[in-house]
Amino acid sequence: MSELLQFLLSGVTVGAVYALVALGFTIIYNASDVVNFAQGEFVMLGGMITVMAYTAGAPLPLAALAAVLATAALGVAMNKLAIEPARGAPVVSLVIITIGASIFIRGAAQLVFGKQIHTFPAFSGDDPIRILGATILPQSLWVIAGSVAVFVGLWLFFTRTLLGRAVLATSNNRLAAQLVGINTPFVMTLSFAMSAGIGALAGVLVTPITMTSYDVGLAFALKGFAAAMLGGMGNPKGALVGGFLLGVLEGLTAGYISSQYKDAAAFIVILAVLFFLPQGLFGRKSTDRV
Amino acid sequence: MKTFLTTTALVALALPAMAEIKIGASISATGPAAFLGDPELKTLEMLVEDLNAKGGLNGEEVVLVAYDDNGDPNKARTFATRLVEDDEVVAIIGGTTTGTTMSILAVTEDAEIPFISLAGAIDIIQPVKPFTFKTPHTDRMACQKIFEDMQKNGISKIGMISGTDGFGASMQAQCKEVAPDYAIEIIADETYDPKDADMTAQLTKIKGTEGVQAILNPGFGQGPSIVTRNVKQLAIDLPFYQSHGVASDGFIELAGADASEGVRLPGTALLVADLLAADDPQKPVVDAYKAMFEEKTGTPVGTFGGYAHDAFLIMTDAITRAGSAEPAAIRDAIEATSGLAGTTGIYTFTPEDHLGLDLSAFRMLEIQGGKWTLVQ
């Protein structure tokens, strides 16, 4: 019993990380249909900038805030310098641009931050919390809380605010959105800033668990992307559920089958889900007008 | 891709008539093995500069022609060919990873240029290839050292949790092979991806396996630090062994002094420079390298930079003894190296042994109170 619980808690710990990364994908995707493969780099920057500011003597909350703001600014710069000039290009080209941007950011991070692995102290200490014979680290609870908070924030943003609806409208039909008076370039800038900020927040929260180095972004992006696809791209609920589902799947496979097959099992389930539900678990149905 | 060409211009200006000894290097200073290659390249550049400032080798200036192969065996092969054919080097140091080493040695064996590798796998020097040598101990030796210590402590049934990266996978295979020699049975065998965030599922499985007396974790990078923290999280009260892959102060920092308390691993003298006895034959060389590297780079010295230091030491020692910089003469002199104290161990090469180290090169270390201590 306590074994099962430990496998689940292990899965939830990992799943919360995936969910937080997956949530970052949703905003840019909602605004432009572009899957931003530099999302993992935002996560890396969040962790790295916090580490640098923290070792330079800044208190942890301030360092974290600086990291989120700096990364959001970088997201804006990426939109202005790389995405906007290619306006009008097909979505596939934009996706490839984000891959290029991710390679650029990774290279720059290697020069600026070096190649060492870094970490900073967990927010509430390292003493594990015991639940029925299984354990979970307090930092995992921070990550879970963070992913739920971001989810609620995004859900409110997209359903309750005019700006959030403007983002959705821009994604549906940019020209029509412009015609009804939506400032679409601003919507794009905003969505990049928010995505980057959420990515950086993910980096801040997960670094005490996963540690960080200049090259962690790719692994985050791949798993976060898989989680987002599983849940349904663009839907915050899908990102959250997809992330936790993926993590728990991995935890249970590692525990009951073999750790060798943990990644394979997760991807087989994703393939199976996408085979029957091509839009993911909670994806919006795409309706083509004829 | 960057090309490094370190020529100490000042020395060249001061002594224009001085001849040159060209030593080539293909190192993975960037790419996935960067944390190995980066200190290796810095070490070589630093040592060459220092040597030339002291008057060079046999009165000749040493020129290091170094390329960054990015950890890519194809590039390493191209650079090795370029070093041999265009740069006309007399010897090559490098091959940060086993993959790059294998492509370099194919070129150097053909061209009959002595080559000292910085990579771990035993296949590099077994069977013996006439022009290929290496400085790091093999992962098989690390397994043997660990199992020796387990045997001493009456441990016979262990659980292993290994990284799926090249280092972890190779050491996992070697350990499984030599375990029977030490009457050790591996009754749980788990793996993790080097980028995984949590290994408590695997460790719970090991914990639940009947009769496990100790845990061994071959791997490098952040994985072993996370495993170490998870062991603490699950309150697994078993002797816990790490590999030489994490033998650096960075590991204690990442895993935390609290979680890494009592962790044992086989490491080199370099890591415990302060603890070496005053009459230890490795003491002078270890102290000198540590002081020079830390002053030059501002980063703590590590096992991997030490491999490059030893390769350069063996090379210069051989060229000095040969009194010539002809590749064949250098090769013969390297093979005749005897009792040469490096940072990794004391090297004695023979025509049958191109590694030159035995198990005594490893020292069993234990982390106590956030510091390395020697296990007697």
# chains A, B, ... in the order shown; residues from 1 in each chain; ligands from 1
>>> select_by_dssp(residues="range 109-235 of chain A", states="strand (DSSP E)", output="ChimeraX atom specification")
/A:129-131,134-136
>>> residues_around(residues="range 23-40 of chain B", least_positions_apart="3", cutoff="8 Å", atoms="only C-alpha atoms", output="NGL selection string")
(:A and (115-116)) or (:B and (43-44 or 62-72 or 76 or 79-80 or 83 or 89-97 or 302 or 304-309))
>>> write_last_selection(atoms="C-alpha atoms", output="short mmCIF file (atom, residue, chain, number, x, y, z; two decimals), in the first residue's frame")
data_model
loop_
_atom_site.label_atom_id
_atom_site.label_comp_id
_atom_site.auth_asym_id
_atom_site.auth_seq_id
_atom_site.Cartn_x
_atom_site.Cartn_y
_atom_site.Cartn_z
CA LYS A 115 28.29 24.54 -18.13
CA GLN A 116 28.00 23.74 -14.44
CA THR B 43 44.19 22.27 -18.17
CA LEU B 44 46.09 21.61 -21.39
CA VAL B 62 55.59 23.35 -27.25
CA VAL B 63 52.66 24.34 -29.44
CA LEU B 64 49.21 22.99 -28.64
CA VAL B 65 46.91 22.64 -31.63
CA ALA B 66 43.52 22.02 -30.08
CA TYR B 67 40.14 21.44 -31.72
CA ASP B 68 36.72 21.22 -30.12
CA ASP B 69 35.00 18.10 -31.45
CA ASN B 70 31.69 18.82 -29.71
CA GLY B 71 31.53 15.23 -28.47
CA ASP B 72 30.83 14.13 -32.04
CA ALA B 76 36.78 13.92 -33.87
CA PHE B 79 40.07 16.73 -36.60
CA ALA B 80 42.38 13.79 -35.94
CA LEU B 83 46.00 17.14 -36.90
CA VAL B 89 51.63 17.06 -34.83
CA VAL B 90 53.98 14.55 -33.18
CA ALA B 91 51.39 13.26 -30.71
CA ILE B 92 47.72 13.66 -29.85
CA ILE B 93 45.96 14.04 -26.52
CA GLY B 94 42.21 13.90 -26.31
CA GLY B 95 39.17 11.94 -27.00
CA THR B 96 37.06 13.18 -24.08
CA THR B 97 34.50 10.43 -24.57
CA GLY B 302 38.07 18.05 -10.73
CA PHE B 304 38.46 15.06 -15.36
CA GLY B 305 40.86 17.97 -15.73
CA GLY B 306 43.28 15.73 -13.85
CA TYR B 307 43.09 13.16 -16.64
CA ALA B 308 44.30 15.81 -19.12
CA HIS B 309 47.00 16.89 -16.69
#
>>> interface_residues(of="chain B", to="chain A", cutoff="6 Å", atoms="only C-alpha atoms", output="VMD selection string")
chain B and resid 190 to 191 197 200 to 201 233
>>> residues_around(residues="range 123-138 of chain B", least_positions_apart="6", cutoff="6 Å", atoms="only C-alpha atoms", output="compact mmCIF listing (two decimals) with N, CA and C atoms, in the first residue's frame")
# COMPACT_ATOMS: atom_id res chain seq x y z
N GLU B 109 46.46 5.24 -35.09
CA GLU B 109 47.11 3.93 -35.27
C GLU B 109 47.61 3.78 -36.71
N PRO B 114 51.64 8.64 -31.58
CA PRO B 114 51.21 8.28 -30.22
C PRO B 114 49.98 9.09 -29.79
N PHE B 115 49.06 8.43 -29.10
CA PHE B 115 47.78 9.03 -28.73
C PHE B 115 47.45 8.65 -27.30
N ILE B 116 47.20 9.67 -26.45
CA ILE B 116 46.79 9.39 -25.07
C ILE B 116 45.34 9.84 -24.91
N SER B 117 44.46 8.88 -24.62
CA SER B 117 43.03 9.17 -24.51
C SER B 117 42.65 9.57 -23.08
N TYR B 307 42.74 14.13 -15.59
CA TYR B 307 43.09 13.16 -16.64
C TYR B 307 43.95 13.83 -17.71
N HIS B 354 48.59 -0.61 -21.38
CA HIS B 354 48.63 0.78 -21.82
C HIS B 354 47.72 1.69 -20.99
N LEU B 355 47.30 1.19 -19.83
CA LEU B 355 46.55 2.01 -18.89
C LEU B 355 47.48 2.44 -17.76
>>> atom_distance(atom1="CA of Arg87 in chain A", atom2="CA of Ala108 in chain A")
24.9 Å
>>> closest_residue(among="B:Ala188, B:Leu57, B:Leu254, B:Leu51", to="Ala322 in chain B", atoms="only C-alpha atoms")
B:Leu57
>>> residues_around(residues="Met233 in chain A", least_positions_apart="2", cutoff="9 Å", atoms="only C-alpha atoms", output="PyMOL selection string")
chain A and resi 22+25-26+29-30+35+225+227-231+235-236+238-239+279-280+282-284
>>> write_last_selection(atoms="C-alpha atoms", output="compact mmCIF listing (two decimals), in the first residue's frame")
# COMPACT_ATOMS: atom_id res chain seq x y z
CA ALA A 22 2.74 22.33 -20.45
CA PHE A 25 2.72 26.22 -24.08
CA THR A 26 -0.99 27.08 -24.03
CA TYR A 29 -0.52 28.40 -28.93
CA ASN A 30 -3.86 30.04 -28.21
CA VAL A 35 3.91 25.52 -30.59
CA PHE A 225 4.87 19.20 -25.06
CA ALA A 227 1.76 16.42 -21.68
CA ALA A 228 0.11 19.31 -23.52
CA MET A 229 -0.64 17.07 -26.52
CA LEU A 230 -2.08 14.37 -24.28
CA GLY A 231 -4.39 16.84 -22.56
CA ASN A 235 -6.49 24.06 -23.13
CA PRO A 236 -5.14 24.89 -19.64
CA GLY A 238 -5.68 19.68 -20.68
CA ALA A 239 -2.17 20.83 -19.81
CA GLN A 279 -7.27 16.61 -30.29
CA GLY A 280 -6.13 15.18 -26.97
CA PHE A 282 -9.73 18.09 -23.67
CA GLY A 283 -8.79 19.60 -27.04
CA ARG A 284 -11.25 21.76 -28.88
>>> closest_residue(among="B:Gly323, B:Gly55, B:Pro218, B:Gly369", to="Ser162 in chain B", atoms="only C-alpha atoms")
B:Pro218
>>> atom_distance(atom1="CA of Ala193 in chain A", atom2="CA of Asn173 in chain A")
21.1 Å
>>> select_by_dssp(residues="range 115-165 of chain A", states="alpha helix (DSSP H)", output="list in words")
Pro138, Gln139, Ser140, Leu141, Trp142, Val143, Ile144, Ala145, Gly146, Ser147, Val148, Ala149, Val150, Phe151, Val152, Gly153, Leu154, Trp155, Leu156, Phe157, Phe158, Thr159, Arg160, Leu162, Leu163, Gly164 and Arg165 of chain A
>>> write_last_selection(atoms="N, CA and C atoms", output="PDB file, in the first residue's frame")
ATOM      1  N   PRO A 138       8.555  18.926   0.491  1.00  0.00           N
ATOM      2  CA  PRO A 138       7.752  20.148   0.524  1.00  0.00           C
ATOM      3  C   PRO A 138       7.816  20.913  -0.808  1.00  0.00           C
ATOM      4  N   GLN A 139       8.983  20.844  -1.476  1.00  0.00           N
ATOM      5  CA  GLN A 139       9.108  21.577  -2.727  1.00  0.00           C
ATOM      6  C   GLN A 139       8.132  21.052  -3.785  1.00  0.00           C
ATOM      7  N   SER A 140       7.835  19.734  -3.727  1.00  0.00           N
ATOM      8  CA  SER A 140       6.874  19.168  -4.675  1.00  0.00           C
ATOM      9  C   SER A 140       5.515  19.818  -4.473  1.00  0.00           C
ATOM     10  N   LEU A 141       5.174  20.080  -3.208  1.00  0.00           N
ATOM     11  CA  LEU A 141       3.892  20.730  -2.934  1.00  0.00           C
ATOM     12  C   LEU A 141       3.883  22.134  -3.533  1.00  0.00           C
ATOM     13  N   TRP A 142       5.029  22.820  -3.467  1.00  0.00           N
ATOM     14  CA  TRP A 142       5.138  24.146  -4.085  1.00  0.00           C
ATOM     15  C   TRP A 142       4.876  24.045  -5.585  1.00  0.00           C
ATOM     16  N   VAL A 143       5.467  23.022  -6.202  1.00  0.00           N
ATOM     17  CA  VAL A 143       5.291  22.870  -7.654  1.00  0.00           C
ATOM     18  C   VAL A 143       3.822  22.572  -7.970  1.00  0.00           C
ATOM     19  N   ILE A 144       3.216  21.674  -7.168  1.00  0.00           N
ATOM     20  CA  ILE A 144       1.804  21.336  -7.402  1.00  0.00           C
ATOM     21  C   ILE A 144       0.948  22.589  -7.224  1.00  0.00           C
ATOM     22  N   ALA A 145       1.194  23.313  -6.129  1.00  0.00           N
ATOM     23  CA  ALA A 145       0.425  24.534  -5.877  1.00  0.00           C
ATOM     24  C   ALA A 145       0.630  25.529  -7.016  1.00  0.00           C
ATOM     25  N   GLY A 146       1.888  25.636  -7.476  1.00  0.00           N
ATOM     26  CA  GLY A 146       2.196  26.557  -8.566  1.00  0.00           C
ATOM     27  C   GLY A 146       1.431  26.202  -9.825  1.00  0.00           C
ATOM     28  N   SER A 147       1.386  24.895 -10.156  1.00  0.00           N
ATOM     29  CA  SER A 147       0.721  24.524 -11.399  1.00  0.00           C
ATOM     30  C   SER A 147      -0.790  24.747 -11.286  1.00  0.00           C
ATOM     31  N   VAL A 148      -1.349  24.466 -10.106  1.00  0.00           N
ATOM     32  CA  VAL A 148      -2.788  24.696  -9.938  1.00  0.00           C
ATOM     33  C   VAL A 148      -3.091  26.197  -9.998  1.00  0.00           C
ATOM     34  N   ALA A 149      -2.255  27.014  -9.359  1.00  0.00           N
ATOM     35  CA  ALA A 149      -2.477  28.461  -9.355  1.00  0.00           C
ATOM     36  C   ALA A 149      -2.395  29.018 -10.775  1.00  0.00           C
ATOM     37  N   VAL A 150      -1.386  28.572 -11.535  1.00  0.00           N
ATOM     38  CA  VAL A 150      -1.251  29.059 -12.906  1.00  0.00           C
ATOM     39  C   VAL A 150      -2.456  28.623 -13.729  1.00  0.00           C
ATOM     40  N   PHE A 151      -2.904  27.375 -13.475  1.00  0.00           N
ATOM     41  CA  PHE A 151      -4.074  26.873 -14.209  1.00  0.00           C
ATOM     42  C   PHE A 151      -5.302  27.749 -13.937  1.00  0.00           C
ATOM     43  N   VAL A 152      -5.557  28.006 -12.653  1.00  0.00           N
ATOM     44  CA  VAL A 152      -6.735  28.804 -12.303  1.00  0.00           C
ATOM     45  C   VAL A 152      -6.611  30.200 -12.917  1.00  0.00           C
ATOM     46  N   GLY A 153      -5.408  30.770 -12.810  1.00  0.00           N
ATOM     47  CA  GLY A 153      -5.187  32.098 -13.373  1.00  0.00           C
ATOM     48  C   GLY A 153      -5.464  32.112 -14.873  1.00  0.00           C
ATOM     49  N   LEU A 154      -4.961  31.117 -15.582  1.00  0.00           N
ATOM     50  CA  LEU A 154      -5.145  31.077 -17.031  1.00  0.00           C
ATOM     51  C   LEU A 154      -6.609  30.863 -17.400  1.00  0.00           C
ATOM     52  N   TRP A 155      -7.252  29.980 -16.636  1.00  0.00           N
ATOM     53  CA  TRP A 155      -8.651  29.670 -16.920  1.00  0.00           C
ATOM     54  C   TRP A 155      -9.505  30.929 -16.765  1.00  0.00           C
ATOM     55  N   LEU A 156      -9.243  31.680 -15.673  1.00  0.00           N
ATOM     56  CA  LEU A 156      -9.965  32.929 -15.472  1.00  0.00           C
ATOM     57  C   LEU A 156      -9.640  33.908 -16.592  1.00  0.00           C
ATOM     58  N   PHE A 157      -8.359  33.952 -16.950  1.00  0.00           N
ATOM     59  CA  PHE A 157      -7.919  34.903 -17.969  1.00  0.00           C
ATOM     60  C   PHE A 157      -8.627  34.645 -19.294  1.00  0.00           C
ATOM     61  N   PHE A 158      -8.679  33.387 -19.700  1.00  0.00           N
ATOM     62  CA  PHE A 158      -9.249  33.080 -21.010  1.00  0.00           C
ATOM     63  C   PHE A 158     -10.783  33.139 -21.033  1.00  0.00           C
ATOM     64  N   THR A 159     -11.425  32.888 -19.881  1.00  0.00           N
ATOM     65  CA  THR A 159     -12.887  32.848 -19.908  1.00  0.00           C
ATOM     66  C   THR A 159     -13.526  34.101 -19.331  1.00  0.00           C
ATOM     67  N   ARG A 160     -12.823  34.807 -18.464  1.00  0.00           N
ATOM     68  CA  ARG A 160     -13.480  35.898 -17.750  1.00  0.00           C
ATOM     69  C   ARG A 160     -13.009  37.295 -18.156  1.00  0.00           C
ATOM     70  N   LEU A 162     -11.659  40.302 -20.933  1.00  0.00           N
ATOM     71  CA  LEU A 162     -11.772  40.736 -22.313  1.00  0.00           C
ATOM     72  C   LEU A 162     -10.469  40.444 -23.056  1.00  0.00           C
ATOM     73  N   LEU A 163      -9.358  40.717 -22.349  1.00  0.00           N
ATOM     74  CA  LEU A 163      -8.051  40.507 -22.958  1.00  0.00           C
ATOM     75  C   LEU A 163      -7.851  39.038 -23.335  1.00  0.00           C
ATOM     76  N   GLY A 164      -8.252  38.147 -22.409  1.00  0.00           N
ATOM     77  CA  GLY A 164      -8.117  36.719 -22.668  1.00  0.00           C
ATOM     78  C   GLY A 164      -8.924  36.305 -23.886  1.00  0.00           C
ATOM     79  N   ARG A 165     -10.118  36.860 -23.988  1.00  0.00           N
ATOM     80  CA  ARG A 165     -10.941  36.530 -25.159  1.00  0.00           C
ATOM     81  C   ARG A 165     -10.338  37.121 -26.422  1.00  0.00           C
TER      82      ARG A 165
END
>>> atom_distance(atom1="CA of Asp310 in chain B", atom2="CA of Ile346 in chain B")
9.7 Å
>>> residues_around(residues="range 52-68 of chain A", least_positions_apart="5", cutoff="10 Å", atoms="only C-alpha atoms", output="MDAnalysis selection string")
chainID A and resid 42:43 45:47 73:74 113 118:123 193:194 196:205
>>> residues_around(residues="Tyr182 in chain B", least_positions_apart="5", cutoff="7 Å", atoms="only C-alpha atoms", output="VMD selection string")
chain B and resid 147 to 148 151
>>> write_last_selection(atoms="N, CA and C atoms", output="PDB file, in the first residue's frame")
ATOM      1  N   PHE B 147      33.217  -2.936  -5.042  1.00  0.00           N
ATOM      2  CA  PHE B 147      32.880  -4.277  -4.578  1.00  0.00           C
ATOM      3  C   PHE B 147      33.874  -4.768  -3.523  1.00  0.00           C
ATOM      4  N   GLU B 148      35.139  -4.383  -3.691  1.00  0.00           N
ATOM      5  CA  GLU B 148      36.163  -4.735  -2.702  1.00  0.00           C
ATOM      6  C   GLU B 148      35.755  -4.191  -1.335  1.00  0.00           C
ATOM      7  N   GLN B 151      32.738  -6.032   0.030  1.00  0.00           N
ATOM      8  CA  GLN B 151      33.129  -7.345   0.537  1.00  0.00           C
ATOM      9  C   GLN B 151      33.727  -7.218   1.943  1.00  0.00           C
TER      10      GLN B 151
END
>>> residues_around(residues="Phe362 in chain B", least_positions_apart="3", cutoff="12 Å", atoms="only C-alpha atoms", output="ChimeraX atom specification")
/B:136-146,148-149,243-244,247,265-272,303,343-346,357-359,365,374-375
>>> write_last_selection(atoms="N, CA and C atoms", output="mmCIF file, in the first residue's frame")
data_model
loop_
_atom_site.group_PDB
_atom_site.id
_atom_site.type_symbol
_atom_site.label_atom_id
_atom_site.label_comp_id
_atom_site.auth_asym_id
_atom_site.auth_seq_id
_atom_site.Cartn_x
_atom_site.Cartn_y
_atom_site.Cartn_z
ATOM 1 N N PRO B 136 42.621 7.785 -17.690
ATOM 2 C CA PRO B 136 41.645 7.510 -16.619
ATOM 3 C C PRO B 136 41.572 6.030 -16.314
ATOM 4 N N HIS B 137 41.292 5.705 -15.087
ATOM 5 C CA HIS B 137 41.015 4.313 -14.766
ATOM 6 C C HIS B 137 39.723 3.914 -15.460
ATOM 7 N N THR B 138 39.498 2.647 -15.637
ATOM 8 C CA THR B 138 38.299 2.187 -16.330
ATOM 9 C C THR B 138 37.135 2.101 -15.350
ATOM 10 N N ASP B 139 35.922 2.095 -15.896
ATOM 11 C CA ASP B 139 34.769 1.956 -14.996
ATOM 12 C C ASP B 139 34.748 0.565 -14.356
ATOM 13 N N ARG B 140 35.361 -0.408 -15.044
ATOM 14 C CA ARG B 140 35.468 -1.745 -14.443
ATOM 15 C C ARG B 140 36.269 -1.680 -13.136
ATOM 16 N N MET B 141 37.336 -0.881 -13.155
ATOM 17 C CA MET B 141 38.142 -0.747 -11.937
ATOM 18 C C MET B 141 37.344 -0.081 -10.822
ATOM 19 N N ALA B 142 36.500 0.886 -11.199
ATOM 20 C CA ALA B 142 35.660 1.547 -10.192
ATOM 21 C C ALA B 142 34.735 0.531 -9.547
ATOM 22 N N CYS B 143 34.128 -0.350 -10.390
ATOM 23 C CA CYS B 143 33.259 -1.395 -9.857
ATOM 24 C C CYS B 143 34.033 -2.295 -8.895
ATOM 25 N N GLN B 144 35.260 -2.663 -9.336
ATOM 26 C CA GLN B 144 36.066 -3.572 -8.507
ATOM 27 C C GLN B 144 36.385 -2.939 -7.162
ATOM 28 N N LYS B 145 36.737 -1.634 -7.225
ATOM 29 C CA LYS B 145 37.084 -0.937 -5.977
ATOM 30 C C LYS B 145 35.881 -0.899 -5.028
ATOM 31 N N ILE B 146 34.710 -0.610 -5.599
ATOM 32 C CA ILE B 146 33.498 -0.530 -4.778
ATOM 33 C C ILE B 146 33.163 -1.905 -4.194
ATOM 34 N N GLU B 148 35.139 -4.383 -3.691
ATOM 35 C CA GLU B 148 36.163 -4.735 -2.702
ATOM 36 C C GLU B 148 35.755 -4.191 -1.335
ATOM 37 N N ASP B 149 35.312 -2.913 -1.346
ATOM 38 C CA ASP B 149 34.917 -2.270 -0.097
ATOM 39 C C ASP B 149 33.660 -2.936 0.479
ATOM 40 N N SER B 243 29.531 6.545 -7.863
ATOM 41 C CA SER B 243 30.671 6.190 -8.693
ATOM 42 C C SER B 243 31.657 7.353 -8.756
ATOM 43 N N HIS B 244 32.797 7.120 -9.434
ATOM 44 C CA HIS B 244 33.780 8.188 -9.614
ATOM 45 C C HIS B 244 33.252 9.272 -10.546
ATOM 46 N N ALA B 247 32.707 12.325 -8.526
ATOM 47 C CA ALA B 247 33.755 12.636 -7.555
ATOM 48 C C ALA B 247 34.218 14.083 -7.699
ATOM 49 N N LEU B 265 32.384 6.596 -2.291
ATOM 50 C CA LEU B 265 32.694 6.449 -3.716
ATOM 51 C C LEU B 265 34.196 6.345 -3.924
ATOM 52 N N PRO B 266 34.595 5.700 -5.049
ATOM 53 C CA PRO B 266 36.011 5.624 -5.355
ATOM 54 C C PRO B 266 36.430 6.906 -6.064
ATOM 55 N N GLY B 267 37.423 7.588 -5.543
ATOM 56 C CA GLY B 267 37.865 8.840 -6.155
ATOM 57 C C GLY B 267 39.374 8.874 -6.266
ATOM 58 N N THR B 268 39.876 9.945 -6.858
ATOM 59 C CA THR B 268 41.324 10.049 -7.010
ATOM 60 C C THR B 268 41.915 10.920 -5.909
ATOM 61 N N ALA B 269 43.243 10.877 -5.829
ATOM 62 C CA ALA B 269 43.960 11.632 -4.803
ATOM 63 C C ALA B 269 43.654 13.122 -4.908
ATOM 64 N N LEU B 270 43.362 13.572 -6.141
ATOM 65 C CA LEU B 270 43.121 14.984 -6.404
ATOM 66 C C LEU B 270 42.019 15.564 -5.525
ATOM 67 N N LEU B 271 41.027 14.727 -5.247
ATOM 68 C CA LEU B 271 39.852 15.195 -4.522
ATOM 69 C C LEU B 271 40.145 15.416 -3.049
ATOM 70 N N VAL B 272 41.138 14.705 -2.550
ATOM 71 C CA VAL B 272 41.437 14.783 -1.123
ATOM 72 C C VAL B 272 42.870 15.262 -0.924
ATOM 73 N N THR B 303 38.283 15.707 -11.153
ATOM 74 C CA THR B 303 38.937 14.488 -11.629
ATOM 75 C C THR B 303 39.258 14.556 -13.122
ATOM 76 N N THR B 343 48.069 12.914 -11.106
ATOM 77 C CA THR B 343 46.999 13.240 -10.162
ATOM 78 C C THR B 343 46.043 12.069 -9.990
ATOM 79 N N THR B 344 45.937 11.219 -11.020
ATOM 80 C CA THR B 344 44.995 10.099 -10.974
ATOM 81 C C THR B 344 45.596 8.893 -10.266
ATOM 82 N N GLY B 345 46.884 8.689 -10.476
ATOM 83 C CA GLY B 345 47.524 7.541 -9.852
ATOM 84 C C GLY B 345 48.987 7.519 -10.264
ATOM 85 N N ILE B 346 49.646 6.399 -10.005
ATOM 86 C CA ILE B 346 51.052 6.276 -10.372
ATOM 87 C C ILE B 346 51.138 5.375 -11.596
ATOM 88 N N LEU B 357 47.619 1.867 -14.626
ATOM 89 C CA LEU B 357 47.150 2.090 -13.255
ATOM 90 C C LEU B 357 46.629 0.778 -12.684
ATOM 91 N N ASP B 358 46.685 0.640 -11.379
ATOM 92 C CA ASP B 358 45.995 -0.487 -10.767
ATOM 93 C C ASP B 358 44.982 0.055 -9.760
ATOM 94 N N LEU B 359 44.329 -0.850 -9.038
ATOM 95 C CA LEU B 359 43.240 -0.426 -8.147
ATOM 96 C C LEU B 359 43.692 0.568 -7.084
ATOM 97 N N LEU B 365 36.505 6.894 -0.706
ATOM 98 C CA LEU B 365 36.210 8.118 0.028
ATOM 99 C C LEU B 365 34.814 8.041 0.638
ATOM 100 N N LEU B 374 38.977 9.994 3.865
ATOM 101 C CA LEU B 374 39.539 8.746 3.338
ATOM 102 C C LEU B 374 39.071 7.575 4.182
ATOM 103 N N VAL B 375 38.594 6.517 3.514
ATOM 104 C CA VAL B 375 38.226 5.303 4.235
ATOM 105 C C VAL B 375 39.467 4.432 4.308
#
